[in-house]
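A quick write-up on the structure given underneath.
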2 protein chains.
Amino acid sequence: MTVTLADVAARARVSPATVSRVLNGNYPVAASTRERVLRAVDDLDYVLNGPASSLAAATSDLVGILVNDIADPFFGIMAGAAQTQIGGPGDGSGRAGGEKLAVICNTGGSPERELTYLTLLQRQRAAAVVLTGGAVENEAHQAAISAKLARLADAGTRIVFCGRPPLSDGNALVAALAFDNRGGGRRLTEHLVALGHRRIGYVAGPPDRTTTRHRLEGHREALRGAGIEAEPGDSGAGDPGAGYQERLTVHGPYDRRSGYEATLEILRRAPDVTAIAAANDTVALGACAAVRDRGLRIPQDISVAGFDDLPFSVDAVPALTTVRLPLFEAGARAGRIAMGKENPPPGGIATIAAELMIRGSTAPPRAV
Amino acid sequence: MTVTLADVAARARVSPATVSRVLNGNYPVAASTRERVLRAVDDLDYVLNGPASSLAAATSDLVGILVNDIADPFFGIMAGAAQTQIGGPGDGSGRAGGEKLAVICNTGGSPERELTYLTLLQRQRAAAVVLTGGAVENEAHQAAISAKLARLADAGTRIVFCGRPPLSDGNALVAALAFDNRGGGRRLTEHLVALGHRRIGYVAGPPDRTTTRHRLEGHREALRGAGIEAEPGDSGAGDPGAGYQERLTVHGPYDRRSGYEATLEILRRAPDVTAIAAANDTVALGACAAVRDRGLRIPQDISVAGFDDLPFSVDAVPALTTVRLPLFEAGARAGRIAMGKENPPPGGIATIAAELMIRGSTAPPRAV
DNA sequence: CTGTTAGCGCGTTCAG
DNA sequence: CTGAACGCGCTAACAG
């Protein structure tokens with residue numbers, strides 16, 4: 001029923017080996033022969049059997065791209081960018097030549113699913129794997145992932161991190177493009193402090209993520225630098241032992257709803273905050289909604305800032321002050337490294353700068 | 001170097017066939033034997049060779065999900081939802097049992113790349129393919145796609161459309177979940193008309209997309225129903241032969257920038273419009289920005305409406321009136337159909353309702 | 001319930 | 001430059 005290499009060979013009056021050689025193109029074949037073969041391919045509408053080919057060659061043309069949440073443009077942009085470098089433009093014939101099949105796998109942020117996908121990719125003998133976004137900070141999982149990646153690399157799969165810090169165990173088989181989340185977080189809060197803010201709420205991401213931790217650390221660093229850290233809350237409210245900044249930090253998932261609720265909570269705990277920094281733009285949007293629903297104006301009553309500079313942030317009203325991450329560029333670069341089109345950064349690790357984008361959602365606090 | 005099924009068999013003191021049977025789970029095996037085999041698998045850290053398995057079984061566990069633009073949450077949400085139904089939750093071991101590998105392929109809206117991906121998926125002997133979003137309306141491409149899909153279906157690949165109208169040639173091998181774009185577009189404009197708007201600008205999507213056409217047709221239908229269609233523009237401006245509504249419609253890509261520029265253009269052509277309907281929410285955001293940059297207020301001076309009800313629309317200020325599409329539900333259902341967990345709709349085609357969401361961005365026009 | 005026997009369709013030697 | 005033979009690792013009949 002299905003047409004095989006042998007059928008093509010028969011029609012082109014050559015041996016199967018010759019057909020294979022034309023198709024893979026990495027072997028000298030007489031022009032006239034190649035012509036005949038290609039005609040036969042088209043005539044018969046032949047499509048290479050991927051599994052058979054991969055089995056014989058011991059490699060496949062699959063490249064995996066792992067993301068935490070594909071519905072989030074943060075990942076969509078990186079993954080799409082990586083795919084542009086991997087999928088190849090095609091030759092327009094739909095015949096599919098040497099292209100790789102770049103495939104995006106949605107882990108939902110679950111380390112188990114991440115491992116499962118890696119195994120699936122390993123099973124397919126993937127040519128490369130790109131892991132995007134922050135990692136979960138759990139020693140057992142980190143170790144499991146690291147071991148799995150080592151085995152993949154061992155089998156010839158190229159591994160690239162994108163927007164993800166290098167493995168803590170210093171696995172050198174992996175090229176890593178890490179975002180400067182800490183620096184970005186620091187500069188953002190420094191900006192707020194420079195405006196005159198002293199009481200700044202922070203809506204953090206899920207507690208066990210590297211991204212969350214780094215951004216929060218940057219925030220705290222800036223506060224400390226301004227001598228704000230130790231400032232006590234009005235004693236009598238909140239946990240006695242908890243510092244003011246601790247009370248002003250609320251963790252939650254990276255979504256709008258979390259930003260909304262965390263902001264209400266912060267406003268409840270400390271009605272005198274003059275600014276809210278959010279872990280990312282999506283969360284910031286929720287924060288804005290909460291601020292407005294409480295009858296407060298942005299930025300006159302409260303400043304709000306985000307992180308990532310996703311496309312919609314400029315359309316918030318007022319436009320969101322945020323930290324720009326070059327998601328597309330980073331994704332594309334990761335894709336190129338995965339394809340071997342570009343060399344990994346020296347030392348295997350590159351830190352990608354984060355740029356402060358000052359817009360309308362932040363302003364000096366009301367006169368105290 | 002790499003451990004094979006035979007190695008596992010040797011260690012478990014059974015035949016390769018038995019190992020295969022416990023791994024695939026679809027054949028009776030004594031509990032004690034299975035136990036031994038699984039232990040051997042873990043001991044040896046064995047990972048099934050996907051290509052070999054696919055070759056022998058003549059099917060793979062790959063499921064493709066084609067999207068036009070993965071950076072757009074419209075597709076991200078559907079694709080992510082589909083993947084939840086396909087990837088399976090995993091058993092937490094990272095060992096990867098019978099799960100399918102759901103992979104997202106980004107076509108960039110290009111029919112060539114769509115074809116290429118289909119070929120790649122065909123080459124991999126994919127178990128199923130889900131095509132999401134509007135199709136390009138070009139007869140040659142439609143025919144090519146249809147032929148390719150027929151061949152895929154023929155080889156046992158299940159095909160599901162999600163948010164995409166059925167093939168015009170009535171290819172019955174495909175299950176289609178189509179959005180009621182026309183009905184949604186109609187109801188949206190009816191809402192504007194009911195508010196009292198008569199001069200309504202329309203920012204349409206790319207001209208050759210089914211989604212674009214259907215939404216625009218719904219819009220025109222509503223105008224016609226209200227007897228607005230024939231209303232002439234002030235003669236002397238614009239193409240002599242063009243009707244008023246034609247002049248008020250500007251096409252462009254489904255992105256923010258296009259919404260911005262198209263809206264400026266509409267405002268230039270017809271400064272007296274009182275409402276702008278956009279082809280989708282992203283475009284509507286750009287339209288809002290343009291309206292504001294022209295010094296006009298929403299909705300007092302101009303009403304703006306979107307389409308899709310993406311998560312951020314409720315956070316626009318004022319919140320965006322739009323048409324809600326159940327993207328997640330549709331994606332999940334498509335995923336289930338692709339997996340054979342749910343039967344295709346009767347006749348192979350289901351139309352999914354679109355719900356009008358009235359929010360703050362639309363209001364009656366200023367007193368005329 | 002388990003072992004044995006054949007291929008699945010292709011890439012890659014090795015000769016010519 | 002081309003053809004013939006072999007085997008990649010696994011599943012699917014068959015037997016037992």
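Chain lettering (A, B, ...) mirrors the order of the structure tokens, residue numbering begins at 1 for each chain separately, and ligand numbering begins at 1 in order of display.
Copy-to-copy comparison places chain A at a Cα RMSD of 0.3 Å from chain B, following a least-squares fit over all residues.
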At a cut-off of 8 Å, list the chain B residues touching chain D, using only C-alpha atoms (C1' of nucleotides), as a PDB file with N, CA and C atoms, in the first residue's frame.
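result_32.pdb written:
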ATOM      1  N   THR B   4      19.733  -2.167  24.936  1.00  0.00           N
ATOM      2  CA  THR B   4      18.590  -2.506  24.090  1.00  0.00           C
ATOM      3  C   THR B   4      17.632  -3.454  24.807  1.00  0.00           C
ATOM      4  N   LEU B   5      16.543  -3.695  24.111  1.00  0.00           N
ATOM      5  CA  LEU B   5      15.530  -4.598  24.625  1.00  0.00           C
ATOM      6  C   LEU B   5      16.136  -5.955  24.977  1.00  0.00           C
ATOM      7  N   ALA B  17      10.481 -10.630  23.424  1.00  0.00           N
ATOM      8  CA  ALA B  17       9.055 -10.420  23.186  1.00  0.00           C
ATOM      9  C   ALA B  17       8.332 -10.102  24.486  1.00  0.00           C
ATOM     10  N   SER B  20       8.938  -6.581  25.526  1.00  0.00           N
ATOM     11  CA  SER B  20       8.116  -5.715  24.686  1.00  0.00           C
ATOM     12  C   SER B  20       6.682  -5.691  25.197  1.00  0.00           C
ATOM     13  N   ASN B  49      13.676   2.385  22.154  1.00  0.00           N
ATOM     14  CA  ASN B  49      14.083   3.048  20.917  1.00  0.00           C
ATOM     15  C   ASN B  49      12.843   3.337  20.082  1.00  0.00           C
ATOM     16  N   ALA B  52      12.795   2.447  16.196  1.00  0.00           N
ATOM     17  CA  ALA B  52      12.703   1.006  15.971  1.00  0.00           C
ATOM     18  C   ALA B  52      11.285   0.516  16.263  1.00  0.00           C
ATOM     19  N   SER B  53      10.770   1.017  17.357  1.00  0.00           N
ATOM     20  CA  SER B  53       9.425   0.625  17.736  1.00  0.00           C
ATOM     21  C   SER B  53       8.403   1.061  16.684  1.00  0.00           C
ATOM     22  N   LEU B  55       8.941   1.709  13.615  1.00  0.00           N
ATOM     23  CA  LEU B  55       9.149   0.977  12.365  1.00  0.00           C
ATOM     24  C   LEU B  55       8.442  -0.376  12.401  1.00  0.00           C
ATOM     25  N   ALA B  56       8.656  -1.073  13.479  1.00  0.00           N
ATOM     26  CA  ALA B  56       8.061  -2.395  13.586  1.00  0.00           C
ATOM     27  C   ALA B  56       6.548  -2.330  13.678  1.00  0.00           C
ATOM     28  N   ALA B  57       6.057  -1.353  14.429  1.00  0.00           N
ATOM     29  CA  ALA B  57       4.617  -1.278  14.642  1.00  0.00           C
ATOM     30  C   ALA B  57       3.899  -0.502  13.550  1.00  0.00           C
TER      31      ALA B  57
END
Region 143-353 of chain A: residues DSSP assigns to strand (DSSP E), reported as a ChimeraX atom specification | /A:158-162,174-179,200-204,249-251,275-278,303-305,322-324,349-352
Report as an mmCIF file with all heavy atoms, in the first residue's frame all protein, DNA and RNA residues lying within 8 Å of Ala334 (chain A), evaluated on only C-alpha atoms (C1' of nucleotides), omitting residues in the same chain fewer than 3 positions from it.
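File part14.cif, as written:
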data_model
loop_
_atom_site.group_PDB
_atom_site.id
_atom_site.type_symbol
_atom_site.label_atom_id
_atom_site.label_comp_id
_atom_site.auth_asym_id
_atom_site.auth_seq_id
_atom_site.Cartn_x
_atom_site.Cartn_y
_atom_site.Cartn_z
ATOM 1 N N ALA A 82 12.693 30.142 18.398
ATOM 2 C CA ALA A 82 13.591 28.997 18.250
ATOM 3 C C ALA A 82 13.182 28.183 17.020
ATOM 4 O O ALA A 82 14.022 27.740 16.239
ATOM 5 C CB ALA A 82 13.549 28.133 19.502
ATOM 6 N N VAL A 130 15.811 22.013 23.579
ATOM 7 C CA VAL A 130 15.933 23.353 24.144
ATOM 8 C C VAL A 130 14.994 23.457 25.334
ATOM 9 O O VAL A 130 13.797 23.194 25.201
ATOM 10 C CB VAL A 130 15.543 24.431 23.103
ATOM 11 C CG1 VAL A 130 15.627 25.818 23.717
ATOM 12 C CG2 VAL A 130 16.435 24.337 21.877
ATOM 13 N N VAL A 160 20.338 22.812 25.010
ATOM 14 C CA VAL A 160 20.478 24.255 25.167
ATOM 15 C C VAL A 160 19.443 24.767 26.165
ATOM 16 O O VAL A 160 18.260 24.393 26.077
ATOM 17 C CB VAL A 160 20.280 24.987 23.820
ATOM 18 C CG1 VAL A 160 20.533 26.473 23.984
ATOM 19 C CG2 VAL A 160 21.178 24.409 22.744
ATOM 20 N N PHE A 161 19.875 25.603 27.078
ATOM 21 C CA PHE A 161 18.950 26.281 27.983
ATOM 22 C C PHE A 161 18.675 27.668 27.431
ATOM 23 O O PHE A 161 19.580 28.311 26.911
ATOM 24 C CB PHE A 161 19.571 26.436 29.370
ATOM 25 C CG PHE A 161 19.528 25.182 30.192
ATOM 26 C CD1 PHE A 161 19.121 23.980 29.654
ATOM 27 C CD2 PHE A 161 19.887 25.217 31.529
ATOM 28 C CE1 PHE A 161 19.081 22.825 30.421
ATOM 29 C CE2 PHE A 161 19.853 24.069 32.312
ATOM 30 C CZ PHE A 161 19.454 22.874 31.756
ATOM 31 N N CYS A 162 17.465 28.122 27.593
ATOM 32 C CA CYS A 162 17.126 29.463 27.120
ATOM 33 C C CYS A 162 16.281 30.158 28.172
ATOM 34 O O CYS A 162 15.162 29.742 28.432
ATOM 35 C CB CYS A 162 16.383 29.374 25.795
ATOM 36 S SG CYS A 162 15.951 30.966 25.114
ATOM 37 N N LEU A 177 21.709 30.033 28.013
ATOM 38 C CA LEU A 177 21.468 31.460 27.860
ATOM 39 C C LEU A 177 20.589 31.861 29.035
ATOM 40 O O LEU A 177 19.418 31.483 29.094
ATOM 41 C CB LEU A 177 20.745 31.751 26.545
ATOM 42 C CG LEU A 177 21.403 31.207 25.273
ATOM 43 C CD1 LEU A 177 20.561 31.569 24.042
ATOM 44 C CD2 LEU A 177 22.805 31.776 25.125
ATOM 45 N N ALA A 330 16.668 35.814 22.111
ATOM 46 C CA ALA A 330 17.233 34.711 22.891
ATOM 47 C C ALA A 330 16.747 33.372 22.346
ATOM 48 O O ALA A 330 17.526 32.425 22.187
ATOM 49 C CB ALA A 330 16.841 34.858 24.361
ATOM 50 N N GLY A 331 15.459 33.295 22.037
ATOM 51 C CA GLY A 331 14.911 32.049 21.504
ATOM 52 C C GLY A 331 15.567 31.679 20.181
ATOM 53 O O GLY A 331 15.926 30.521 19.946
ATOM 54 N N ILE A 337 21.934 27.650 18.189
ATOM 55 C CA ILE A 337 22.919 26.825 18.895
ATOM 56 C C ILE A 337 22.500 25.357 18.841
ATOM 57 O O ILE A 337 23.316 24.459 18.616
ATOM 58 C CB ILE A 337 23.069 27.294 20.353
ATOM 59 C CG1 ILE A 337 23.644 28.712 20.389
ATOM 60 C CG2 ILE A 337 23.976 26.348 21.132
ATOM 61 C CD1 ILE A 337 23.697 29.331 21.767
ATOM 62 N N ALA A 338 21.214 25.126 19.012
ATOM 63 C CA ALA A 338 20.718 23.748 18.982
ATOM 64 C C ALA A 338 20.974 23.106 17.621
ATOM 65 O O ALA A 338 21.224 21.905 17.519
ATOM 66 C CB ALA A 338 19.230 23.723 19.303
#
Using only C-alpha atoms, find which residues of chain A lie within 7 Å of chain B and jot them down as a PyMOL selection string.
-> chain A and resi 47-52+54-55+70-73+76-77+80+90+92+94-96+101-106+112-113+115-116+119-120+123-124+285+289+315-317
Export C-alpha atoms of the chosen residues as a CSV table (one decimal), in the first residue's frame?
chain,number,residue,atom,x,y,z
A,47,VAL,CA,7.5,10.1,1.6
A,48,LEU,CA,10.5,8.9,3.5
A,49,ASN,CA,9.8,6.6,6.4
A,50,GLY,CA,11.2,8.6,9.3
A,51,PRO,CA,11.3,5.8,11.8
A,52,ALA,CA,13.1,3.4,9.5
A,54,SER,CA,16.2,7.1,12.1
A,55,LEU,CA,16.6,3.5,13.1
A,70,ILE,CA,2.6,27.7,26.0
A,71,ALA,CA,-0.5,29.8,26.6
A,72,ASP,CA,1.9,32.4,28.1
A,73,PRO,CA,3.4,34.6,25.4
A,76,GLY,CA,5.3,31.4,23.0
A,77,ILE,CA,7.7,34.1,21.8
A,80,GLY,CA,8.3,30.5,18.1
A,90,GLY,CA,11.2,24.8,3.5
A,92,GLY,CA,8.0,25.6,-0.8
A,94,GLY,CA,6.0,20.7,0.7
A,95,ARG,CA,8.3,17.8,-0.1
A,96,ALA,CA,10.4,18.4,3.1
A,101,LEU,CA,11.0,18.9,13.0
A,102,ALA,CA,11.0,21.4,15.8
A,103,VAL,CA,8.4,20.5,18.3
A,104,ILE,CA,7.2,22.4,21.3
A,105,CYS,CA,6.4,20.4,24.5
A,106,ASN,CA,4.3,22.0,27.2
A,112,GLU,CA,7.5,15.3,36.4
A,113,ARG,CA,6.2,16.2,33.0
A,115,LEU,CA,11.2,14.5,32.8
A,116,THR,CA,8.6,12.6,30.9
A,119,THR,CA,12.4,10.7,28.2
A,120,LEU,CA,10.0,10.8,25.2
A,123,ARG,CA,13.2,7.7,23.1
A,124,GLN,CA,12.9,9.5,19.7
A,285,LEU,CA,-2.0,43.4,34.9
A,289,ALA,CA,-7.0,45.7,38.2
A,315,ASP,CA,-1.0,48.9,25.9
A,316,ALA,CA,-1.9,48.9,29.5
A,317,VAL,CA,-3.3,52.2,30.7
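Residues of chain C lying within 7 Å of chain B, counting only C-alpha atoms (C1' of nucleotides), are DC1, DG3 and DC8 of chain C.
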Among the residues of region 10-236 of chain A, find those DSSP assigns to alpha helix (DSSP H) from the backbone and print them as a PyMOL selection string.
-> chain A and resi 10-12+16-24+31-44+50-57+73-86+111-123+139-154+181-195+210-225
Selection: 10 Å around Arg213 (chain A), only C-alpha atoms (C1' of nucleotides), excl. self and same-chain fewer than 3 positions, as a PyMOL selection string = chain A and resi 134+137+181-182+204-210+216-219+279
